>>> print(open('query28.txt').read())   # compact mmCIF, C-alpha atoms and all ligand atoms
# COMPACT_ATOMS: atom_id res chain seq x y z
CA MET W 1 -8.65 4.35 9.51
CA ARG W 2 -11.02 4.66 6.59
CA ILE W 3 -9.80 3.40 3.20
CA ASP W 4 -11.69 4.03 -0.05
CA ILE W 5 -10.62 2.15 -3.18
CA VAL W 6 -11.98 3.04 -6.63
CA THR W 7 -11.48 0.33 -9.26
CA ILE W 8 -13.17 -1.36 -12.22
CA PHE W 9 -12.39 -4.73 -10.57
CA PRO W 10 -13.84 -4.66 -7.03
CA ASP W 11 -13.41 -8.46 -6.80
CA TYR W 12 -9.63 -7.99 -6.70
CA PHE W 13 -9.99 -6.86 -3.10
CA ALA W 14 -11.71 -9.95 -1.70
CA PRO W 15 -8.39 -11.11 -0.09
CA LEU W 16 -8.52 -8.10 2.25
CA GLN W 17 -11.14 -10.08 4.18
CA LEU W 18 -8.48 -12.67 5.10
CA SER W 19 -5.89 -12.90 7.87
CA LEU W 20 -4.82 -9.89 9.96
CA ILE W 21 -6.24 -7.19 7.68
CA GLY W 22 -9.53 -9.11 7.54
CA LYS W 23 -9.59 -9.27 11.32
CA ALA W 24 -8.82 -5.53 11.56
CA ILE W 25 -11.80 -4.88 9.27
CA ALA W 26 -14.04 -7.18 11.34
CA ASP W 27 -12.86 -5.45 14.55
CA GLY W 28 -13.57 -1.99 13.11
CA ARG W 29 -9.95 -0.79 13.19
CA LEU W 30 -10.02 -0.55 9.40
CA ASP W 31 -13.06 0.63 7.43
CA VAL W 32 -12.37 -0.45 3.83
CA ARG W 33 -14.87 0.59 1.16
CA VAL W 34 -14.37 -0.67 -2.40
CA HIS W 35 -16.19 1.29 -5.13
CA ASP W 36 -16.83 0.27 -8.75
CA LEU W 37 -15.78 3.14 -11.03
CA ARG W 38 -18.47 2.04 -13.50
CA ASP W 39 -21.12 3.16 -10.99
CA TRP W 40 -20.20 6.71 -12.07
CA THR W 41 -20.77 6.09 -15.79
CA HIS W 42 -24.04 6.99 -17.50
CA ASP W 43 -24.02 5.08 -20.79
CA ARG W 44 -25.47 1.66 -21.49
CA HIS W 45 -22.02 0.06 -21.77
CA ARG W 46 -20.70 1.69 -18.58
CA THR W 47 -17.69 2.94 -20.56
CA VAL W 48 -14.61 4.01 -18.62
CA ASP W 49 -12.02 4.26 -21.43
CA ASP W 50 -11.46 5.93 -24.78
CA THR W 51 -8.74 6.25 -27.45
CA PRO W 52 -5.72 8.44 -26.66
CA TYR W 53 -5.41 11.96 -28.09
CA GLY W 54 -2.25 12.05 -30.19
CA GLY W 55 -2.66 8.41 -31.16
CA GLY W 56 -0.75 5.39 -29.94
CA ALA W 57 -1.52 1.96 -28.58
CA GLY W 58 -4.07 1.15 -25.92
CA MET W 59 -6.86 3.05 -24.25
CA VAL W 60 -6.95 5.85 -21.65
CA MET W 61 -9.37 6.10 -18.72
CA LYS W 62 -11.92 8.84 -19.33
CA PRO W 63 -11.93 11.78 -16.88
CA GLU W 64 -15.70 12.05 -16.28
CA PRO W 65 -16.30 8.88 -14.22
CA TRP W 66 -13.17 9.60 -12.19
CA GLY W 67 -14.33 13.17 -11.54
CA GLU W 68 -17.67 11.96 -10.21
CA ALA W 69 -16.03 9.21 -8.15
CA LEU W 70 -13.66 11.66 -6.48
CA ASP W 71 -16.53 14.13 -5.87
CA ALA W 72 -18.40 11.32 -4.10
CA LEU W 73 -15.37 10.49 -1.93
CA LEU W 74 -14.97 14.13 -0.93
CA GLY W 75 -18.69 14.32 -0.12
CA GLY W 76 -18.37 11.18 2.01
CA TYR W 77 -15.55 12.68 4.06
CA VAL W 78 -17.66 15.74 4.88
CA GLU W 79 -20.64 13.57 5.87
CA GLN W 80 -18.42 11.53 8.15
CA GLN W 81 -18.12 14.44 10.61
CA PRO W 82 -21.65 15.95 10.71
CA GLY W 83 -21.82 19.01 12.91
CA ALA W 84 -18.09 18.93 13.58
CA ASP W 85 -16.45 22.30 14.27
CA PRO W 86 -14.48 23.54 11.29
CA PRO W 87 -10.82 22.59 11.79
CA GLU W 88 -8.52 25.35 13.00
CA GLY W 89 -5.91 26.59 10.56
CA PRO W 90 -5.70 25.35 6.96
CA ALA W 91 -7.66 22.10 6.67
CA LYS W 92 -5.46 19.13 5.80
CA ARG W 93 -6.40 17.56 2.50
CA PRO W 94 -7.30 13.88 2.41
CA VAL W 95 -4.60 11.70 0.86
CA LEU W 96 -5.29 10.23 -2.60
CA ILE W 97 -2.82 7.54 -3.63
CA VAL W 98 -2.55 6.86 -7.35
CA PRO W 99 -0.53 3.71 -8.14
CA THR W 100 1.47 4.08 -11.34
CA PRO W 101 4.78 2.71 -12.61
CA SER W 102 5.87 6.33 -13.09
CA GLY W 103 5.29 7.23 -9.42
CA TYR W 104 7.63 7.75 -6.46
CA LEU W 105 8.91 4.42 -5.14
CA PHE W 106 6.79 3.08 -2.29
CA ASN W 107 8.82 2.20 0.80
CA GLN W 108 8.46 1.53 4.51
CA SER W 109 8.73 5.19 5.54
CA MET W 110 5.85 6.03 3.17
CA ALA W 111 3.85 3.18 4.75
CA VAL W 112 4.55 4.67 8.20
CA GLU W 113 3.51 8.14 7.00
CA PHE W 114 0.27 6.88 5.40
CA ALA W 115 -0.57 4.75 8.47
CA ALA W 116 -0.92 7.98 10.49
CA GLU W 117 -3.67 9.36 8.20
CA PRO W 118 -7.35 9.20 9.23
CA THR W 119 -8.44 8.46 5.64
CA LEU W 120 -6.75 7.12 2.51
CA ALA W 121 -8.23 6.96 -0.98
CA PHE W 122 -6.76 4.83 -3.76
CA ALA W 123 -7.48 5.34 -7.48
CA CYS W 124 -6.71 2.19 -9.49
CA GLY W 125 -5.84 2.98 -13.10
CA ARG W 126 -6.05 0.40 -15.90
CA TYR W 127 -5.13 0.40 -19.60
CA GLU W 128 -2.54 3.11 -20.44
CA GLY W 129 -3.54 5.14 -17.38
CA ILE W 130 -5.99 7.84 -16.31
CA ASP W 131 -6.48 11.10 -18.27
CA ARG W 132 -3.87 13.43 -16.75
CA ARG W 133 -6.41 16.13 -15.97
CA VAL W 134 -7.92 13.93 -13.25
CA VAL W 135 -4.72 14.10 -11.18
CA GLU W 136 -4.36 17.83 -11.93
CA TRP W 137 -7.92 18.51 -10.75
CA ALA W 138 -7.58 16.19 -7.76
CA ALA W 139 -4.46 18.02 -6.56
CA ASP W 140 -6.67 21.00 -5.64
CA HIS W 141 -8.76 18.83 -3.30
CA PHE W 142 -6.53 15.98 -2.17
CA ASP W 143 -2.90 15.47 -1.17
CA VAL W 144 -2.22 13.42 -4.31
CA ARG W 145 0.59 10.86 -4.11
CA GLU W 146 1.59 9.02 -7.29
CA VAL W 147 3.33 5.89 -6.10
CA SER W 148 5.07 2.95 -7.79
CA LEU W 149 5.54 -0.45 -6.23
CA GLY W 150 8.75 -1.10 -8.13
CA ASP W 151 10.49 -0.99 -11.47
CA TYR W 152 8.15 -3.32 -13.31
CA VAL W 153 4.76 -2.92 -14.96
CA LEU W 154 1.54 -4.45 -13.62
CA ASN W 155 -1.70 -4.61 -15.59
CA GLY W 156 -3.30 -2.03 -13.32
CA GLY W 157 -3.17 -0.48 -9.89
CA GLU W 158 -5.17 -3.16 -8.04
CA VAL W 159 -2.31 -5.47 -7.06
CA ALA W 160 -0.22 -2.46 -6.02
CA VAL W 161 -3.08 -1.23 -3.81
CA LEU W 162 -3.45 -4.65 -2.17
CA ALA W 163 0.25 -4.58 -1.31
CA MET W 164 0.12 -1.01 -0.01
CA VAL W 165 -3.02 -1.57 2.08
CA GLU W 166 -1.32 -4.55 3.73
CA ALA W 167 1.94 -2.67 4.34
CA ILE W 168 0.05 0.32 5.78
CA GLY W 169 -2.70 -1.57 7.60
CA ARG W 170 -0.31 -3.76 9.61
CA LEU W 171 1.25 -0.60 11.10
CA ILE W 172 -2.05 0.58 12.60
CA PRO W 173 -2.04 -0.02 16.36
CA GLY W 174 -3.76 -3.27 17.31
CA VAL W 175 -3.68 -4.82 13.83
CA ILE W 176 -0.65 -7.00 14.60
CA GLY W 177 -1.10 -8.90 17.86
CA ASN W 178 2.52 -8.55 18.97
CA PRO W 179 3.82 -5.06 18.04
CA GLU W 180 7.36 -6.28 18.92
CA SER W 181 7.37 -8.18 15.62
CA LEU W 182 7.29 -4.83 13.74
CA VAL W 183 10.46 -3.63 15.41
CA GLN W 184 13.35 -5.66 14.03
CA GLU W 185 11.96 -6.57 10.62
CA SER W 186 13.62 -5.58 7.33
CA HIS W 187 13.27 -1.88 6.42
CA SER W 188 12.18 -0.89 9.95
CA ASP W 189 14.02 1.98 11.66
CA ALA W 190 15.20 -0.28 14.47
CA ALA W 191 16.87 -2.59 11.94
CA ASP W 192 19.09 0.37 10.94
CA GLY W 193 17.97 -0.06 7.34
CA LEU W 194 19.40 -3.58 7.19
CA LEU W 195 17.61 -6.65 5.86
CA GLU W 196 16.38 -9.13 8.44
CA TYR W 197 18.55 -12.03 9.66
CA PRO W 198 17.42 -15.64 8.94
CA VAL W 199 15.12 -17.35 11.43
CA TYR W 200 14.77 -21.01 12.53
CA THR W 201 12.42 -23.14 14.62
CA LYS W 202 12.31 -26.75 15.85
CA PRO W 203 13.55 -29.39 15.12
CA ALA W 204 17.21 -28.54 15.74
CA THR W 205 18.20 -30.78 12.82
CA TRP W 206 16.02 -31.21 9.72
CA ARG W 207 17.02 -33.29 6.67
CA GLY W 208 20.60 -33.23 7.91
CA LEU W 209 20.64 -29.41 8.25
CA ALA W 210 21.44 -28.10 11.73
CA VAL W 211 20.26 -24.80 13.22
CA PRO W 212 23.30 -22.51 13.82
CA GLU W 213 24.83 -23.54 17.14
CA VAL W 214 24.79 -20.03 18.62
CA LEU W 215 20.97 -19.90 18.51
CA LEU W 216 20.82 -22.92 20.86
CA SER W 217 23.33 -21.40 23.29
CA GLY W 218 20.84 -19.32 25.30
CA HIS W 219 23.46 -16.53 25.26
CA HIS W 220 21.48 -13.40 24.30
CA GLY W 221 24.54 -11.25 23.63
CA ARG W 222 26.08 -13.76 21.22
CA VAL W 223 22.72 -14.35 19.53
CA ALA W 224 22.27 -10.59 18.96
CA GLN W 225 25.82 -10.30 17.62
CA TRP W 226 25.30 -13.23 15.21
CA ARG W 227 22.00 -11.79 13.97
CA GLY W 228 23.60 -8.38 13.40
CA GLN W 229 26.46 -9.94 11.42
CA ARG W 230 24.09 -12.00 9.26
CA SER W 231 21.95 -8.86 8.61
CA VAL W 232 24.99 -6.96 7.38
CA GLU W 233 26.18 -9.88 5.20
CA ILE W 234 22.76 -10.39 3.61
CA THR W 235 22.31 -6.66 3.02
CA ARG W 236 25.78 -6.35 1.45
CA ASP W 237 25.02 -9.28 -0.86
CA ARG W 238 21.43 -8.49 -1.88
CA ARG W 239 20.96 -4.74 -1.40
CA PRO W 240 24.33 -2.97 -1.24
CA ASP W 241 22.45 0.28 -1.96
CA LEU W 242 20.94 0.10 1.57
CA LEU W 243 24.37 0.12 3.22
CA GLN W 244 25.16 3.65 2.02
N1 LIG W 301 0.49 0.02 -12.07
C1 LIG W 301 1.15 -0.63 -13.04
N2 LIG W 301 2.38 -0.92 -12.68
C2 LIG W 301 2.56 -0.42 -11.42
C3 LIG W 301 3.62 -0.39 -10.51
N3 LIG W 301 4.80 -0.91 -10.78
N4 LIG W 301 3.41 0.22 -9.32
C4 LIG W 301 2.23 0.78 -9.04
N5 LIG W 301 1.19 0.77 -9.87
C5 LIG W 301 1.34 0.18 -11.04
>>> encode(input="query28.txt", output="structure tokens")
Amino acid sequence: MRIDIVTIFPDYFAPLQLSLIGKAIADGRLDVRVHDLRDWTHDRHRTVDDTPYGGGAGMVMKPEPWGEALDALLGGYVEQQPGADPPEGPAKRPVLIVPTPSGYLFNQSMAVEFAAEPTLAFACGRYEGIDRRVVEWAADHFDVREVSLGDYVLNGGEVAVLAMVEAIGRLIPGVIGNPESLVQESHSDAADGLLEYPVYTKPATWRGLAVPEVLLSGHHGRVAQWRGQRSVEITRDRRPDLLQ
């Protein structure tokens, strides 16, 4: 999968070189390209923001650099398949994810959906956001998805994109060594929408705290039953909305 990220803080994405996502990049399963929005400015100060029409606090990201950045991404997608036959039927638009606190809530099923795409582009807004016309224009060329990480406000889209790239990237075949570990985890289909049960490892007693007896029993049926019960209890306590 190819991932393009446009941001005014490319350094935010250095952690993608670490751990499993870093290995997926090194192995060529993920092709992550981080672009500095300021490369599409033309003034001496590389300006990306201006005051809001209608007044109010803060600054708004100017449309022109974003327009040129998105043009360049679209051009890059075409170049990626030189000489390819035109696709049959209506061509599918590339996905452009715009992180914003006013977006649709990001969840595991969105991560699964995005993990099936050949390309993903992310547009990281800062300040009070991006001039609305950018998203309106982009909707004619991309499948634009405005997505929020949760009901809180970050300083910009970068941290949200890091989280989404990890959630999506780990679902790409081969990125996680043991695909079994994706199956029972919280929010997965196989977990029936329940939160994950608690896990333990050796030693059997640590600082006077013993591992639940049933987990030492070797009785798979009883272990599975205990884990299911704990999942339901934890979900009822922490996320009763998931039980509906
Ligand atoms: N940008 C600022 N806050 C955000 C949030 N909660 N989710 C996604 N992008 C954001």
>>> residues_near_ligand(input="query28.txt", ligand="ligand LIG 301 (chain W)", cutoff="10 Å", atoms="only C-alpha atoms and all ligand atoms", output="PDB file with C-alpha atoms, in the coordinates of the input")
ATOM      1  CA  VAL W  98      -2.550   6.860  -7.350  1.00  0.00           C
ATOM      2  CA  PRO W  99      -0.530   3.710  -8.140  1.00  0.00           C
ATOM      3  CA  THR W 100       1.470   4.080 -11.340  1.00  0.00           C
ATOM      4  CA  PRO W 101       4.780   2.710 -12.610  1.00  0.00           C
ATOM      5  CA  SER W 102       5.870   6.330 -13.090  1.00  0.00           C
ATOM      6  CA  GLY W 103       5.290   7.230  -9.420  1.00  0.00           C
ATOM      7  CA  TYR W 104       7.630   7.750  -6.460  1.00  0.00           C
ATOM      8  CA  LEU W 105       8.910   4.420  -5.140  1.00  0.00           C
ATOM      9  CA  PHE W 106       6.790   3.080  -2.290  1.00  0.00           C
ATOM     10  CA  CYS W 124      -6.710   2.190  -9.490  1.00  0.00           C
ATOM     11  CA  GLY W 125      -5.840   2.980 -13.100  1.00  0.00           C
ATOM     12  CA  ARG W 126      -6.050   0.400 -15.900  1.00  0.00           C
ATOM     13  CA  TYR W 127      -5.130   0.400 -19.600  1.00  0.00           C
ATOM     14  CA  GLU W 128      -2.540   3.110 -20.440  1.00  0.00           C
ATOM     15  CA  GLY W 129      -3.540   5.140 -17.380  1.00  0.00           C
ATOM     16  CA  GLU W 146       1.590   9.020  -7.290  1.00  0.00           C
ATOM     17  CA  VAL W 147       3.330   5.890  -6.100  1.00  0.00           C
ATOM     18  CA  SER W 148       5.070   2.950  -7.790  1.00  0.00           C
ATOM     19  CA  LEU W 149       5.540  -0.450  -6.230  1.00  0.00           C
ATOM     20  CA  GLY W 150       8.750  -1.100  -8.130  1.00  0.00           C
ATOM     21  CA  ASP W 151      10.490  -0.990 -11.470  1.00  0.00           C
ATOM     22  CA  TYR W 152       8.150  -3.320 -13.310  1.00  0.00           C
ATOM     23  CA  VAL W 153       4.760  -2.920 -14.960  1.00  0.00           C
ATOM     24  CA  LEU W 154       1.540  -4.450 -13.620  1.00  0.00           C
ATOM     25  CA  ASN W 155      -1.700  -4.610 -15.590  1.00  0.00           C
ATOM     26  CA  GLY W 156      -3.300  -2.030 -13.320  1.00  0.00           C
ATOM     27  CA  GLY W 157      -3.170  -0.480  -9.890  1.00  0.00           C
ATOM     28  CA  GLU W 158      -5.170  -3.160  -8.040  1.00  0.00           C
ATOM     29  CA  VAL W 159      -2.310  -5.470  -7.060  1.00  0.00           C
ATOM     30  CA  ALA W 160      -0.220  -2.460  -6.020  1.00  0.00           C
ATOM     31  CA  VAL W 161      -3.080  -1.230  -3.810  1.00  0.00           C
ATOM     32  CA  ALA W 163       0.250  -4.580  -1.310  1.00  0.00           C
ATOM     33  CA  MET W 164       0.120  -1.010  -0.010  1.00  0.00           C
TER      34      MET W 164
END
>>> atom_distance(input="query28.txt", atom1="CA of Ala116 in chain W", atom2="CA of Arg133 in chain W")
28.2 Å
>>> closest_residue(input="query28.txt", among="W:Pro198, W:Glu166, W:Leu215, W:Val223", to="Thr235 in chain W", atoms="all atoms listed in the file")
W:Pro198
>>> closest_residue(input="query28.txt", among="W:Gly174, W:Ala111, W:Arg93, W:Asp50", to="Lys23 in chain W", atoms="all atoms listed in the file")
W:Gly174
>>> closest_residue(input="query28.txt", among="W:Leu209, W:Met1, W:Leu242, W:Val183", to="Thr119 in chain W", atoms="all atoms listed in the file")
W:Met1
>>> atom_distance(input="query28.txt", atom1="CA of Phe142 in chain W", atom2="CA of Pro65 in chain W")
17.1 Å
>>> atom_distance(input="query28.txt", atom1="CA of Ile97 in chain W", atom2="CA of Ala26 in chain W")
23.8 Å
>>> residues_around(input="query28.txt", residues="Val95 in chain W", least_positions_apart="6", cutoff="9 Å", atoms="all atoms listed in the file", output="number ranges by chain")
W: 114, 117, 119-122, 142-145
>>> residues_around(input="query28.txt", residues="Ile130 in chain W", least_positions_apart="5", cutoff="8 Å", atoms="only C-alpha atoms", output="tab-separated table (two decimals) with C-alpha atoms, in the coordinates of the input")
chain	number	residue	atom	x	y	z
W	60	VAL	CA	-6.95	5.85	-21.65
W	61	MET	CA	-9.37	6.10	-18.72
W	62	LYS	CA	-11.92	8.84	-19.33
W	63	PRO	CA	-11.93	11.78	-16.88
W	125	GLY	CA	-5.84	2.98	-13.10
>>> closest_residue(input="query28.txt", among="W:Glu136, W:Val165, W:Gln108, W:Gly83", to="Asp31 in chain W", atoms="all atoms listed in the file")
W:Val165
